[in-house]
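Undergrad: One file: data_20.tsv (TSV, C-alpha atoms).
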chain	number	residue	atom	x	y	z
A	1	MET	CA	-90.86	74.14	75.97
A	2	ASN	CA	-88.55	75.82	73.42
A	3	LYS	CA	-86.09	73.90	71.22
A	4	LYS	CA	-82.97	74.90	73.19
A	5	ARG	CA	-84.46	73.69	76.47
A	6	LEU	CA	-85.67	70.46	74.87
A	7	ILE	CA	-82.23	69.80	73.36
A	8	GLY	CA	-80.62	70.51	76.73
A	9	LEU	CA	-82.90	68.02	78.50
A	10	LEU	CA	-82.31	65.37	75.83
A	11	ILE	CA	-78.55	65.81	76.19
A	12	ILE	CA	-78.86	65.32	79.97
A	13	ILE	CA	-80.96	62.18	79.51
A	14	PHE	CA	-78.55	60.65	76.98
A	15	LEU	CA	-75.53	61.48	79.16
A	16	VAL	CA	-77.15	59.87	82.19
A	17	LEU	CA	-78.16	56.76	80.25
A	18	GLY	CA	-74.69	56.58	78.71
A	19	PHE	CA	-73.02	56.84	82.11
A	20	PHE	CA	-75.17	54.10	83.62
A	21	LEU	CA	-74.68	51.83	80.61
A	22	TYR	CA	-70.90	52.30	80.83
A	23	SER	CA	-70.98	51.74	84.59
A	24	TYR	CA	-72.97	48.53	84.18
A	25	LEU	CA	-70.84	47.12	81.35
A	26	THR	CA	-67.61	47.83	83.26
A	27	LYS	CA	-69.13	46.38	86.48
A	28	GLY	CA	-68.93	49.72	88.28
A	29	PHE	CA	-71.29	51.44	90.76
A	30	PHE	CA	-74.46	50.90	88.74
A	31	TYR	CA	-73.67	47.22	88.23
A	32	ASN	CA	-73.23	46.75	91.99
A	33	VAL	CA	-76.48	48.56	92.78
A	34	ILE	CA	-78.43	46.52	90.22
A	35	ASN	CA	-77.09	43.32	91.76
A	36	LEU	CA	-78.15	44.19	95.30
A	37	ASN	CA	-79.75	41.35	97.20
A	38	GLN	CA	-83.27	42.54	98.00
A	39	GLU	CA	-83.49	40.42	101.14
A	40	GLU	CA	-80.35	42.01	102.58
A	41	LEU	CA	-81.56	45.50	101.63
A	42	ILE	CA	-84.98	44.96	103.21
A	43	SER	CA	-83.38	43.48	106.33
A	44	PHE	CA	-81.04	46.48	106.61
A	45	LEU	CA	-83.83	49.06	106.24
A	46	SER	CA	-86.13	47.15	108.58
A	47	SER	CA	-83.45	47.28	111.29
A	48	PHE	CA	-84.26	50.97	111.75
A	49	GLU	CA	-87.74	49.92	112.94
A	50	LYS	CA	-89.94	52.97	113.66
A	51	ALA	CA	-87.37	55.38	112.21
A	52	SER	CA	-87.75	53.67	108.82
A	53	PHE	CA	-91.51	54.35	108.99
A	54	LEU	CA	-90.91	58.05	109.61
A	55	ILE	CA	-88.30	58.28	106.85
A	56	TYR	CA	-90.67	56.63	104.39
A	57	ILE	CA	-93.56	58.95	105.33
A	58	LEU	CA	-91.22	61.94	104.93
A	59	LEU	CA	-90.19	60.75	101.46
A	60	ILE	CA	-93.84	60.43	100.47
A	61	ILE	CA	-94.56	63.96	101.72
A	62	ILE	CA	-91.60	65.33	99.74
A	63	GLY	CA	-92.72	63.39	96.67
A	64	VAL	CA	-96.20	64.92	96.91
A	65	VAL	CA	-95.07	68.51	97.60
A	66	ILE	CA	-92.41	68.39	94.88
A	67	ALA	CA	-95.03	67.20	92.40
A	68	PRO	CA	-92.74	66.56	89.35
A	69	ILE	CA	-91.19	63.64	91.25
A	70	HIS	CA	-93.65	60.85	90.57
A	71	PRO	CA	-94.35	59.02	93.85
A	72	PHE	CA	-94.92	55.69	92.07
A	73	LEU	CA	-91.28	54.77	92.79
A	74	PHE	CA	-91.78	55.41	96.49
A	75	TYR	CA	-95.04	53.42	96.56
A	76	VAL	CA	-93.41	50.40	94.96
A	77	ALA	CA	-90.37	50.71	97.24
A	78	GLY	CA	-92.72	50.82	100.23
A	79	GLY	CA	-94.41	47.63	99.07
A	80	ILE	CA	-91.01	45.96	98.72
A	81	ILE	CA	-89.76	47.02	102.16
A	82	PHE	CA	-92.83	46.97	104.39
A	83	GLY	CA	-95.27	44.71	102.54
A	84	PRO	CA	-98.57	45.85	100.97
A	85	TYR	CA	-100.65	46.54	104.08
A	86	THR	CA	-98.16	48.42	106.28
A	87	SER	CA	-96.84	50.43	103.34
A	88	TRP	CA	-100.41	51.29	102.28
A	89	VAL	CA	-101.14	52.80	105.71
A	90	LEU	CA	-97.81	54.66	105.81
A	91	THR	CA	-98.29	55.93	102.26
A	92	MET	CA	-101.79	57.18	102.97
A	93	ILE	CA	-100.47	59.10	105.99
A	94	GLY	CA	-97.73	60.68	103.88
A	95	VAL	CA	-100.08	61.48	101.00
A	96	THR	CA	-102.64	63.07	103.34
A	97	ILE	CA	-100.02	65.33	104.92
A	98	GLY	CA	-98.30	66.14	101.61
A	99	SER	CA	-101.55	66.92	99.79
A	100	SER	CA	-102.63	69.19	102.65
A	101	ILE	CA	-99.34	71.09	102.46
A	102	ALA	CA	-99.62	71.50	98.68
A	103	PHE	CA	-103.23	72.69	98.96
A	104	LYS	CA	-102.34	75.23	101.66
A	105	LEU	CA	-99.29	76.47	99.73
A	106	SER	CA	-101.41	77.29	96.68
A	107	LYS	CA	-103.96	78.99	98.93
A	108	LEU	CA	-101.18	81.06	100.45
A	109	TYR	CA	-99.37	82.06	97.25
A	110	GLY	CA	-102.33	82.19	94.85
A	111	ARG	CA	-103.06	81.28	91.24
A	112	ARG	CA	-99.98	82.98	89.76
A	113	PHE	CA	-97.76	80.71	91.85
A	114	VAL	CA	-99.63	77.62	90.62
A	115	GLU	CA	-99.63	78.72	86.97
A	116	LYS	CA	-95.83	79.00	87.05
A	117	ASN	CA	-95.53	75.35	88.03
A	118	VAL	CA	-98.56	73.76	86.35
A	119	SER	CA	-99.31	73.66	82.62
A	120	LYS	CA	-102.23	75.64	81.20
A	121	LYS	CA	-103.64	72.40	79.83
A	122	SER	CA	-103.86	70.92	83.33
A	123	MET	CA	-105.33	74.12	84.74
A	124	ASN	CA	-108.01	74.28	82.04
A	125	ARG	CA	-108.82	70.60	82.44
A	126	PHE	CA	-109.38	71.00	86.16
A	127	ASP	CA	-111.39	74.20	85.72
A	128	LYS	CA	-113.80	72.39	83.36
A	129	LEU	CA	-114.15	69.38	85.63
A	130	SER	CA	-114.60	71.44	88.80
A	131	LYS	CA	-117.33	73.54	87.17
A	132	LYS	CA	-119.19	70.37	86.18
A	133	TYR	CA	-118.58	68.12	89.20
A	134	GLY	CA	-117.32	70.44	91.94
A	135	ALA	CA	-115.18	68.77	94.62
A	136	LEU	CA	-116.00	65.35	93.12
A	137	SER	CA	-113.57	66.25	90.31
A	138	ILE	CA	-110.71	65.57	92.76
A	139	PHE	CA	-111.95	62.01	93.22
A	140	LEU	CA	-112.37	61.45	89.46
A	141	LEU	CA	-108.83	62.62	88.72
A	142	ARG	CA	-107.25	60.77	91.62
A	143	ILE	CA	-108.85	57.36	91.15
A	144	ASN	CA	-107.72	57.20	87.52
A	145	ILE	CA	-104.10	55.95	87.54
A	146	ILE	CA	-103.38	57.81	84.29
A	147	THR	CA	-104.56	61.21	85.59
A	148	SER	CA	-103.67	60.67	89.26
A	149	SER	CA	-101.06	63.37	89.81
A	150	ASP	CA	-100.06	65.44	92.83
A	151	ILE	CA	-100.38	68.66	90.82
A	152	TRP	CA	-104.13	68.51	91.45
A	153	SER	CA	-103.51	69.36	95.09
A	154	TYR	CA	-101.98	72.66	93.98
A	155	VAL	CA	-104.65	73.34	91.39
A	156	ALA	CA	-107.48	72.61	93.85
A	157	GLY	CA	-106.00	75.12	96.27
A	158	VAL	CA	-106.83	78.04	93.99
A	159	THR	CA	-110.46	77.03	93.54
A	160	LYS	CA	-113.47	77.46	95.81
A	161	ILE	CA	-113.32	73.82	96.90
A	162	LYS	CA	-113.29	73.58	100.69
A	163	PHE	CA	-110.27	71.96	102.31
A	164	TRP	CA	-112.20	69.14	104.03
A	165	LYS	CA	-113.92	68.18	100.77
A	166	PHE	CA	-110.61	68.25	98.93
A	167	LEU	CA	-109.00	66.01	101.54
A	168	MET	CA	-111.93	63.60	101.69
A	169	TRP	CA	-112.06	63.06	97.92
A	170	THR	CA	-108.25	62.87	97.73
A	171	ILE	CA	-108.15	60.07	100.30
A	172	LEU	CA	-111.06	58.17	98.77
A	173	GLY	CA	-109.63	58.49	95.27
A	174	LEU	CA	-106.04	57.57	96.13
A	175	ALA	CA	-106.69	54.74	98.60
A	176	PRO	CA	-107.40	52.03	95.98
A	177	VAL	CA	-104.85	53.39	93.49
A	178	ILE	CA	-102.06	53.41	96.06
A	179	PHE	CA	-102.93	49.93	97.31
A	180	ILE	CA	-102.54	48.54	93.77
A	181	GLN	CA	-99.11	50.17	93.49
A	182	VAL	CA	-97.78	49.01	96.88
A	183	TYR	CA	-99.14	45.53	96.20
A	184	PHE	CA	-97.20	45.59	92.93
A	185	GLY	CA	-94.16	46.54	95.01
A	186	ASP	CA	-94.66	43.45	97.14
A	187	ILE	CA	-94.64	41.33	93.97
A	188	VAL	CA	-91.46	43.08	92.75
A	189	GLY	CA	-89.77	42.46	96.10
A	190	ALA	CA	-90.46	38.74	95.84
A	191	ASN	CA	-88.94	38.48	92.35
A	192	PRO	CA	-85.14	39.06	92.12
A	193	PHE	CA	-85.27	39.84	88.38
A	194	LEU	CA	-88.08	42.41	88.71
A	195	PHE	CA	-86.32	43.88	91.75
A	196	LYS	CA	-83.15	44.53	89.76
A	197	ILE	CA	-85.10	46.13	86.92
A	198	PHE	CA	-86.98	48.35	89.37
A	199	VAL	CA	-83.80	49.49	91.15
A	200	GLY	CA	-82.14	50.31	87.82
A	201	ILE	CA	-85.12	52.28	86.51
A	202	ALA	CA	-85.54	54.11	89.84
A	203	ILE	CA	-81.90	55.26	89.92
A	204	ILE	CA	-81.93	56.41	86.29
A	205	TYR	CA	-85.27	58.21	86.72
A	206	LEU	CA	-84.27	60.04	89.91
A	207	THR	CA	-80.90	61.02	88.42
A	208	ILE	CA	-82.58	62.46	85.32
A	209	VAL	CA	-85.12	64.35	87.45
A	210	LEU	CA	-82.33	65.78	89.65
A	211	LEU	CA	-80.11	66.86	86.75
A	212	SER	CA	-83.07	68.25	84.79
A	213	SER	CA	-84.18	70.28	87.82
A	214	ILE	CA	-80.67	71.69	88.22
A	215	TYR	CA	-80.55	72.52	84.51
A	216	LEU	CA	-83.94	74.29	84.57
A	217	PHE	CA	-82.99	76.17	87.73
A	218	ILE	CA	-79.79	77.45	86.11
A	219	LYS	CA	-81.72	78.44	82.95
A	220	LYS	CA	-84.20	80.46	85.00
A	221	LYS	CA	-81.39	82.29	86.75
A	222	LYS	CA	-79.90	83.44	83.43
Give the structure from this file in structure tokens form.

TA:
Amino acid sequence: MNKKRLIGLLIIIFLVLGFFLYSYLTKGFFYNVINLNQEELISFLSSFEKASFLIYILLIIIGVVIAPIHPFLFYVAGGIIFGPYTSWVLTMIGVTIGSSIAFKLSKLYGRRFVEKNVSKKSMNRFDKLSKKYGALSIFLLRINIITSSDIWSYVAGVTKIKFWKFLMWTILGLAPVIFIQVYFGDIVGANPFLFKIFVGIAIIYLTIVLLSSIYLFIKKKK
């Protein structure tokens, strides 16, 4: 990343943080969102019944396919809304579908497509692991919370790893990691203070991601 792009992203981040700080101090929109009652929010979302399940699964799929959006926020939100066990099942469904789409997209568009969206460091790291461990490398990267990223679905798609092996190791690697995160969400949902912190962080994070994506898109067009 060059200096101009870095400065641009930092400006966006500071503007967003400044706006939310101002909004909170003046008891504006952000203040009202932070002070949401989690029980009322969960009750409202639960009223959609099966539709809320489908919406959540769709959000997980989008989070996986658009890899820069870290799905951790969705996992925790799922734990808050549906509880650890239901959200774990729903999340695994969404992750399975999303990972399959990402894998097939990279198969369809090839390595050049993946290299445009994934850093060389990540590509080289996966190449070394896949040469040493084969399809098992997917499991090793997925089960580690630090390295568990949806970009591996794209990277795996341009290797010789078979789709069924990729999917099997993805599911086995993510199952325990996702359960920990949705269980954490259940804990957050039961604590009003943690809930407010989570909502605030989630809104700031998603706003920064959205504005940064728009900024990078405009820069590429120039």

Undergrad: Tell me which of A:Trp164, A:Tyr154, A:Phe74, A:Tyr22 sits closest to Ser99 of chain A, counting only C-alpha atoms.

TA: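 Looking at the shortest contact to Ser99 of chain A, the residue is A:Tyr154.
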
Undergrad: If I take atom CA of Val64 of chain A and atom CA of Asp150 of chain A, how far is one from the other in Å, to one decimal?

TA: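 That distance, rounded to one decimal, is 5.6 Å.
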
Undergrad: Considering all atoms listed in the file, can you say which of A:Val158, A:Ser122, A:Ala175, A:Asp127 comes closest to Gly110 of chain A?

TA: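 Closest to Gly110 of chain A, using all atoms listed in the file: A:Val158.
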
Undergrad: What does the distance from atom CA of Leu90 of chain A to atom CA of Phe193 of chain A come to in Å, to one decimal?

TA: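 Separation between atom CA of Leu90 of chain A and atom CA of Phe193 of chain A: 26.1 Å.
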
Undergrad: Rounded to one decimal, what separation in Å do you get between atom CA of Ile97 of chain A and atom CA of Thr170 of chain A?

TA: 11.2 Å

Undergrad: Restricting the calculation to only C-alpha atoms, which member of A:Lys121, A:Leu174, A:Pro192, A:Arg112 is positioned closest to Ile138 of chain A?

TA: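 Residue with the minimum atom-to-atom distance to Ile138 of chain A: A:Leu174.
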
Undergrad: Here is a test: counting all atoms listed in the file, which residue of A:Leu59, A:Ile7, A:Val177, A:Leu167 is nearest to Trp152 of chain A?

TA: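 Once distances to Trp152 of chain A are computed over all atoms listed in the file, the minimum belongs to A:Leu167.
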
Undergrad: Between A:Phe14, A:Phe166, A:Tyr109, A:Tyr56, which has the minimum distance to Ile81 of chain A (counting all atoms listed in the file)?

TA: A:Tyr56

Undergrad: Can you pull out the residues contacting segment 113-118 of chain A? Cut-off 12 Å, using all atoms listed in the file, and skip same-chain residues under 3 positions away; I want them as a ChimeraX atom specification.

TA: /A:65-68,102-110,121-126,149-159,220
